[in-house]
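Enquirer: Shown below is the structure under consideration.
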Amino acid sequence: MTVILVVDDDPAVAEVVARYLERDGHEVQCDPLALTAPPDLLILDMNRLAVGRELRARWPVPVIILGEAIDLVDLDADADDYVTKPFSPRELALRVAAVLRRARGSIVPAGTGVLRDADLTVDVGARHVLLGDAEVTLTAREFDLLVYLLRNPRQAFSRTDLLDRVWGWAFGDSSTVTVHVRRLREKIEKDPTDPGRIITVWGVGYRYEPVS
């Protein structure tokens with residue numbers, strides 16, 4: 001049975017989330033101090049990120065962050081997924097299932113091989129990224145997004161397209177795509193405020209523009 005830690009300042013939110021996850025067969029904890037072993041997943045309100053940092057320093061577990069859309073866009077924190085409030089508990093449960101599958105290695109970009117663009121090198125099979133000689137640390141979802149864009153250069157994708165093709169969701173809040181793109185730019189762009197690789201296509205979404 002998977003163990004999920006849910007930490008939210010609103011007891012009503014934590015209770016509803018716990019009820020839905022328990023219906024799916026998960027064990028839910030709401031008290032970080034009660035943990036005696038690493039959980040399989042953390043679900044954290046963005047106001048409780050200190051709890052997540054402390055736990056991830058001990059255990060490298062996946063994280064889903066909950067918060068208002070405008071706050072999540074500017075959030076300076078790595079996570080495997082971001083869910084905006086208010087949210088559907090059922091949608092959150094589906095995202096939990098997807099993150100857990102990724103954490104277990106059952107969802108990966110198809111194929112292997114090495115993708116290169118100037119000083120950016122992505123070893124798909126090893127899930128390893130280099131920018132020049134420096135290793136770039138990406139979350140599982142950031143890695144999958146980068147691989148998809150690299151494999152489809154100069155094509156514009158809407159946020160809904162990317163939700164479907166990278167996240168595997170036929171529906172959902174597209175703001176999570178915005179957050180992941182921003183995080184990815186911070187890690188691979190020379191100037192994230194003026195990106196040269198992951199370009200915003202106004203009114204559409206994003207495209208990858210090769211440097212080389």
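Labels for the structure tokens follow display order: chains A, B, ..., residues from 1 in each chain, ligands from 1.
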Excluding same-chain residues fewer than 2 positions from range 208-211 of chain A, what lies within 10 Å of it counting only C-alpha atoms, as a PDB file with N, CA, C and O atoms, in the first residue's frame?

Expert:
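Listing of around24.pdb after writing:
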```pdb
ATOM      1  N   ARG A 116      20.699  16.176 -28.960  1.00  0.00           N
ATOM      2  CA  ARG A 116      21.653  17.267 -28.772  1.00  0.00           C
ATOM      3  C   ARG A 116      21.155  18.533 -29.449  1.00  0.00           C
ATOM      4  O   ARG A 116      20.575  18.483 -30.541  1.00  0.00           O
ATOM      5  N   ASP A 117      21.403  19.643 -28.795  1.00  0.00           N
ATOM      6  CA  ASP A 117      21.169  20.960 -29.385  1.00  0.00           C
ATOM      7  C   ASP A 117      22.247  21.893 -28.860  1.00  0.00           C
ATOM      8  O   ASP A 117      22.179  22.331 -27.706  1.00  0.00           O
ATOM      9  N   ALA A 118      23.257  22.151 -29.686  1.00  0.00           N
ATOM     10  CA  ALA A 118      24.406  22.970 -29.282  1.00  0.00           C
ATOM     11  C   ALA A 118      25.003  22.390 -27.995  1.00  0.00           C
ATOM     12  O   ALA A 118      25.426  21.234 -27.993  1.00  0.00           O
ATOM     13  N   ASP A 119      25.008  23.159 -26.901  1.00  0.00           N
ATOM     14  CA  ASP A 119      25.645  22.695 -25.667  1.00  0.00           C
ATOM     15  C   ASP A 119      24.713  21.884 -24.778  1.00  0.00           C
ATOM     16  O   ASP A 119      25.083  21.492 -23.672  1.00  0.00           O
ATOM     17  N   LEU A 120      23.502  21.609 -25.249  1.00  0.00           N
ATOM     18  CA  LEU A 120      22.529  20.832 -24.478  1.00  0.00           C
ATOM     19  C   LEU A 120      22.532  19.388 -24.960  1.00  0.00           C
ATOM     20  O   LEU A 120      22.330  19.119 -26.152  1.00  0.00           O
ATOM     21  N   LEU A 146      10.976  18.294 -21.735  1.00  0.00           N
ATOM     22  CA  LEU A 146      12.128  18.670 -22.541  1.00  0.00           C
ATOM     23  C   LEU A 146      12.340  17.694 -23.694  1.00  0.00           C
ATOM     24  O   LEU A 146      12.584  18.104 -24.842  1.00  0.00           O
ATOM     25  N   TYR A 148      10.144  15.774 -25.155  1.00  0.00           N
ATOM     26  CA  TYR A 148       9.077  15.916 -26.153  1.00  0.00           C
ATOM     27  C   TYR A 148       9.331  17.130 -27.046  1.00  0.00           C
ATOM     28  O   TYR A 148       9.191  17.046 -28.280  1.00  0.00           O
ATOM     29  N   LEU A 149       9.713  18.250 -26.444  1.00  0.00           N
ATOM     30  CA  LEU A 149       9.967  19.448 -27.232  1.00  0.00           C
ATOM     31  C   LEU A 149      11.178  19.274 -28.148  1.00  0.00           C
ATOM     32  O   LEU A 149      11.162  19.703 -29.304  1.00  0.00           O
ATOM     33  N   LEU A 150      12.234  18.647 -27.631  1.00  0.00           N
ATOM     34  CA  LEU A 150      13.423  18.406 -28.450  1.00  0.00           C
ATOM     35  C   LEU A 150      13.116  17.515 -29.653  1.00  0.00           C
ATOM     36  O   LEU A 150      13.700  17.680 -30.725  1.00  0.00           O
ATOM     37  N   ARG A 151      12.240  16.555 -29.455  1.00  0.00           N
ATOM     38  CA  ARG A 151      11.897  15.635 -30.534  1.00  0.00           C
ATOM     39  C   ARG A 151      10.935  16.257 -31.551  1.00  0.00           C
ATOM     40  O   ARG A 151      10.711  15.690 -32.620  1.00  0.00           O
ATOM     41  N   ASN A 152      10.378  17.402 -31.204  1.00  0.00           N
ATOM     42  CA  ASN A 152       9.427  18.067 -32.093  1.00  0.00           C
ATOM     43  C   ASN A 152       9.791  19.538 -32.238  1.00  0.00           C
ATOM     44  O   ASN A 152       9.006  20.423 -31.878  1.00  0.00           O
ATOM     45  N   PRO A 153      10.987  19.832 -32.754  1.00  0.00           N
ATOM     46  CA  PRO A 153      11.437  21.225 -32.833  1.00  0.00           C
ATOM     47  C   PRO A 153      10.605  22.040 -33.835  1.00  0.00           C
ATOM     48  O   PRO A 153      10.058  21.500 -34.796  1.00  0.00           O
ATOM     49  N   ARG A 154      10.539  23.327 -33.541  1.00  0.00           N
ATOM     50  CA  ARG A 154       9.884  24.313 -34.429  1.00  0.00           C
ATOM     51  C   ARG A 154       8.395  24.026 -34.644  1.00  0.00           C
ATOM     52  O   ARG A 154       7.807  24.506 -35.611  1.00  0.00           O
ATOM     53  N   GLN A 155       7.790  23.244 -33.751  1.00  0.00           N
ATOM     54  CA  GLN A 155       6.350  23.017 -33.807  1.00  0.00           C
ATOM     55  C   GLN A 155       5.697  23.683 -32.602  1.00  0.00           C
ATOM     56  O   GLN A 155       6.169  23.525 -31.477  1.00  0.00           O
ATOM     57  N   ALA A 156       4.636  24.424 -32.845  1.00  0.00           N
ATOM     58  CA  ALA A 156       3.938  25.104 -31.752  1.00  0.00           C
ATOM     59  C   ALA A 156       2.909  24.160 -31.139  1.00  0.00           C
ATOM     60  O   ALA A 156       2.136  23.519 -31.853  1.00  0.00           O
ATOM     61  N   PHE A 157       2.923  24.083 -29.809  1.00  0.00           N
ATOM     62  CA  PHE A 157       1.974  23.245 -29.079  1.00  0.00           C
ATOM     63  C   PHE A 157       1.220  24.108 -28.079  1.00  0.00           C
ATOM     64  O   PHE A 157       1.820  24.931 -27.372  1.00  0.00           O
ATOM     65  N   PRO A 195      13.993  33.851 -23.339  1.00  0.00           N
ATOM     66  CA  PRO A 195      14.387  32.497 -23.747  1.00  0.00           C
ATOM     67  C   PRO A 195      14.673  32.390 -25.235  1.00  0.00           C
ATOM     68  O   PRO A 195      13.999  32.997 -26.071  1.00  0.00           O
ATOM     69  N   GLY A 196      15.695  31.602 -25.548  1.00  0.00           N
ATOM     70  CA  GLY A 196      16.054  31.365 -26.936  1.00  0.00           C
ATOM     71  C   GLY A 196      15.692  29.975 -27.406  1.00  0.00           C
ATOM     72  O   GLY A 196      15.711  29.704 -28.611  1.00  0.00           O
ATOM     73  N   ARG A 197      15.386  29.075 -26.466  1.00  0.00           N
ATOM     74  CA  ARG A 197      15.058  27.693 -26.832  1.00  0.00           C
ATOM     75  C   ARG A 197      13.545  27.448 -26.728  1.00  0.00           C
ATOM     76  O   ARG A 197      12.913  27.080 -27.718  1.00  0.00           O
ATOM     77  N   ILE A 198      12.989  27.601 -25.552  1.00  0.00           N
ATOM     78  CA  ILE A 198      11.558  27.363 -25.366  1.00  0.00           C
ATOM     79  C   ILE A 198      10.842  28.697 -25.549  1.00  0.00           C
ATOM     80  O   ILE A 198      10.828  29.549 -24.667  1.00  0.00           O
ATOM     81  N   ILE A 199      10.263  28.855 -26.721  1.00  0.00           N
ATOM     82  CA  ILE A 199       9.693  30.127 -27.135  1.00  0.00           C
ATOM     83  C   ILE A 199       8.190  30.154 -26.862  1.00  0.00           C
ATOM     84  O   ILE A 199       7.479  29.170 -27.120  1.00  0.00           O
ATOM     85  N   THR A 200       7.700  31.270 -26.339  1.00  0.00           N
ATOM     86  CA  THR A 200       6.262  31.464 -26.192  1.00  0.00           C
ATOM     87  C   THR A 200       5.667  31.868 -27.532  1.00  0.00           C
ATOM     88  O   THR A 200       6.137  32.818 -28.171  1.00  0.00           O
ATOM     89  N   TYR A 206       3.695  27.032 -26.819  1.00  0.00           N
ATOM     90  CA  TYR A 206       5.157  27.040 -26.826  1.00  0.00           C
ATOM     91  C   TYR A 206       5.687  26.243 -28.015  1.00  0.00           C
ATOM     92  O   TYR A 206       5.026  25.344 -28.532  1.00  0.00           O
TER      93      TYR A 206
END
```

Enquirer: May I have the residues within 6 Å of range 46-48 of chain A as a list in words, using only C-alpha atoms and disregarding those fewer than 5 positions away in the same chain?

Expert: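 Residues meeting the cut-off are Ile65, Leu66 and Gly67 of chain A.
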
Enquirer: Excluding range 126-132 of chain A and residues on its chain fewer than 5 positions from it, collect all residues at most 9 Å away from it, counting only C-alpha atoms, and give them as a PyMOL selection string.

Expert: chain A and resi 112-113+118-121+137-138+140+143+187-188

Enquirer: Could you give me, as number ranges by chain, the residues within 12 Å of Ala103 in chain A, counting only C-alpha atoms and dropping anything in the same chain fewer than 5 positions from it?

Expert: A: 2, 40-41, 60-63, 80-81, 96-98, 108, 139-141

Enquirer: Keeping only C-alpha atoms, write the selected residues as a PDB file, in the first residue's frame.

Expert:
```
ATOM      1  CA  THR A   2       1.301   3.438  -0.873  1.00  0.00           C
ATOM      2  CA  ASP A  40       5.617   7.392  -1.412  1.00  0.00           C
ATOM      3  CA  LEU A  41       4.388  10.924  -2.188  1.00  0.00           C
ATOM      4  CA  PRO A  60      13.945  11.852  -2.289  1.00  0.00           C
ATOM      5  CA  VAL A  61      10.191  11.423  -2.666  1.00  0.00           C
ATOM      6  CA  PRO A  62       7.964  12.989  -5.360  1.00  0.00           C
ATOM      7  CA  VAL A  63       5.950  16.109  -4.502  1.00  0.00           C
ATOM      8  CA  ASP A  80       6.677  16.793  -9.833  1.00  0.00           C
ATOM      9  CA  ASP A  81       3.323  18.458 -10.350  1.00  0.00           C
ATOM     10  CA  VAL A  96      -1.440  11.330  -7.851  1.00  0.00           C
ATOM     11  CA  ALA A  97      -1.744   8.078  -9.804  1.00  0.00           C
ATOM     12  CA  ALA A  98       0.266   9.553 -12.704  1.00  0.00           C
ATOM     13  CA  VAL A 108       9.075   7.312 -19.557  1.00  0.00           C
ATOM     14  CA  THR A 139      12.153  16.470 -12.167  1.00  0.00           C
ATOM     15  CA  ALA A 140      10.610  13.539 -14.041  1.00  0.00           C
ATOM     16  CA  ARG A 141       7.975  15.764 -15.615  1.00  0.00           C
TER      17      ARG A 141
END
```

Enquirer: Just list as a PyMOL selection string whatever in range 18-205 of chain A DSSP marks as strand (DSSP E or B).

Expert: chain A and resi 27-29+41-45+63-67+81-84+114-117+120-123+128-131+134-135+157-158+198-201+205

Enquirer: Write a file of the selected residues as a PDB file, in the first residue's frame, keeping C-alpha atoms.

Expert:
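Saved to again_39.pdb:
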```pdb
ATOM      1  CA  GLU A  27      -2.818   5.133   3.222  1.00  0.00           C
ATOM      2  CA  VAL A  28      -2.911   8.847   4.057  1.00  0.00           C
ATOM      3  CA  GLN A  29      -0.972  10.614   6.802  1.00  0.00           C
ATOM      4  CA  LEU A  41       4.388  10.924  -2.188  1.00  0.00           C
ATOM      5  CA  LEU A  42       4.027  14.346  -0.565  1.00  0.00           C
ATOM      6  CA  ILE A  43       1.037  16.617  -1.240  1.00  0.00           C
ATOM      7  CA  LEU A  44       1.835  20.056   0.139  1.00  0.00           C
ATOM      8  CA  ASP A  45       0.074  23.377   0.312  1.00  0.00           C
ATOM      9  CA  VAL A  63       5.950  16.109  -4.502  1.00  0.00           C
ATOM     10  CA  ILE A  64       2.680  17.681  -5.653  1.00  0.00           C
ATOM     11  CA  ILE A  65       2.210  21.323  -4.630  1.00  0.00           C
ATOM     12  CA  LEU A  66      -1.232  22.879  -4.136  1.00  0.00           C
ATOM     13  CA  GLY A  67      -1.801  26.624  -4.469  1.00  0.00           C
ATOM     14  CA  ASP A  81       3.323  18.458 -10.350  1.00  0.00           C
ATOM     15  CA  TYR A  82       1.374  21.591  -9.421  1.00  0.00           C
ATOM     16  CA  VAL A  83      -2.390  21.709  -8.809  1.00  0.00           C
ATOM     17  CA  THR A  84      -4.284  24.978  -8.566  1.00  0.00           C
ATOM     18  CA  VAL A 114      20.895  10.942 -27.202  1.00  0.00           C
ATOM     19  CA  LEU A 115      19.362  14.286 -28.198  1.00  0.00           C
ATOM     20  CA  ARG A 116      21.653  17.267 -28.772  1.00  0.00           C
ATOM     21  CA  ASP A 117      21.169  20.960 -29.385  1.00  0.00           C
ATOM     22  CA  LEU A 120      22.529  20.832 -24.478  1.00  0.00           C
ATOM     23  CA  THR A 121      22.806  17.020 -24.365  1.00  0.00           C
ATOM     24  CA  VAL A 122      19.969  14.736 -23.257  1.00  0.00           C
ATOM     25  CA  ASP A 123      20.554  11.008 -22.784  1.00  0.00           C
ATOM     26  CA  HIS A 128      20.591  12.479 -17.865  1.00  0.00           C
ATOM     27  CA  VAL A 129      20.962  16.095 -19.008  1.00  0.00           C
ATOM     28  CA  LEU A 130      24.103  18.154 -19.539  1.00  0.00           C
ATOM     29  CA  LEU A 131      24.394  21.846 -20.354  1.00  0.00           C
ATOM     30  CA  ALA A 134      27.373  20.856 -16.073  1.00  0.00           C
ATOM     31  CA  GLU A 135      24.725  18.343 -15.073  1.00  0.00           C
ATOM     32  CA  PHE A 157       1.974  23.245 -29.079  1.00  0.00           C
ATOM     33  CA  SER A 158      -0.846  24.573 -26.963  1.00  0.00           C
ATOM     34  CA  ILE A 198      11.558  27.363 -25.366  1.00  0.00           C
ATOM     35  CA  ILE A 199       9.693  30.127 -27.135  1.00  0.00           C
ATOM     36  CA  THR A 200       6.262  31.464 -26.192  1.00  0.00           C
ATOM     37  CA  VAL A 201       3.922  31.474 -29.172  1.00  0.00           C
ATOM     38  CA  GLY A 205       1.495  27.984 -26.372  1.00  0.00           C
TER      39      GLY A 205
END
```

Enquirer: So, counting only C-alpha atoms, which residue among A:Asp144, A:Asp9, A:Glu22, A:Glu189 is closest to Pro89 in chain A?

Expert: A:Glu22

Enquirer: Extract the full set of helix (DSSP H, G or I) residues from range 1-207 of chain A according to DSSP on the backbone, and format it as a PyMOL selection string.

Expert: chain A and resi 11-23+32-34+46-58+69-73+89-103+140-151+159-167+175-188

Enquirer: Kindly give the distance, in Å, that separates CA of Arg53 in chain A and CA of Leu163 in chain A, rounded to a single decimal.

Expert: 26.8 Å

Enquirer: CA of Ser175 in chain A and CA of Thr193 in chain A, how far apart in Å?

Expert: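 Result for CA of Thr193 in chain A versus CA of Ser175 in chain A: 18.2 Å, one decimal.
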
Enquirer: Could you check the closest approach to Ala79 in chain A for each of A:Val136, A:Ala18, A:Arg23, A:Val179 and tell me which residue wins, using only C-alpha atoms?

Expert: A:Val179

Enquirer: So, with only C-alpha atoms as the atoms that count, which of A:Asp24, A:Glu54, A:Asp194, A:Asp161 lies closest to Leu94 in chain A?

Expert: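 Among the listed residues, A:Asp24 lies closest to Leu94 in chain A.
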
Enquirer: Quick check, in Å to one decimal: how far apart do CA of Ala57 in chain A and CA of Pro38 in chain A lie?

Expert: 11.2 Å
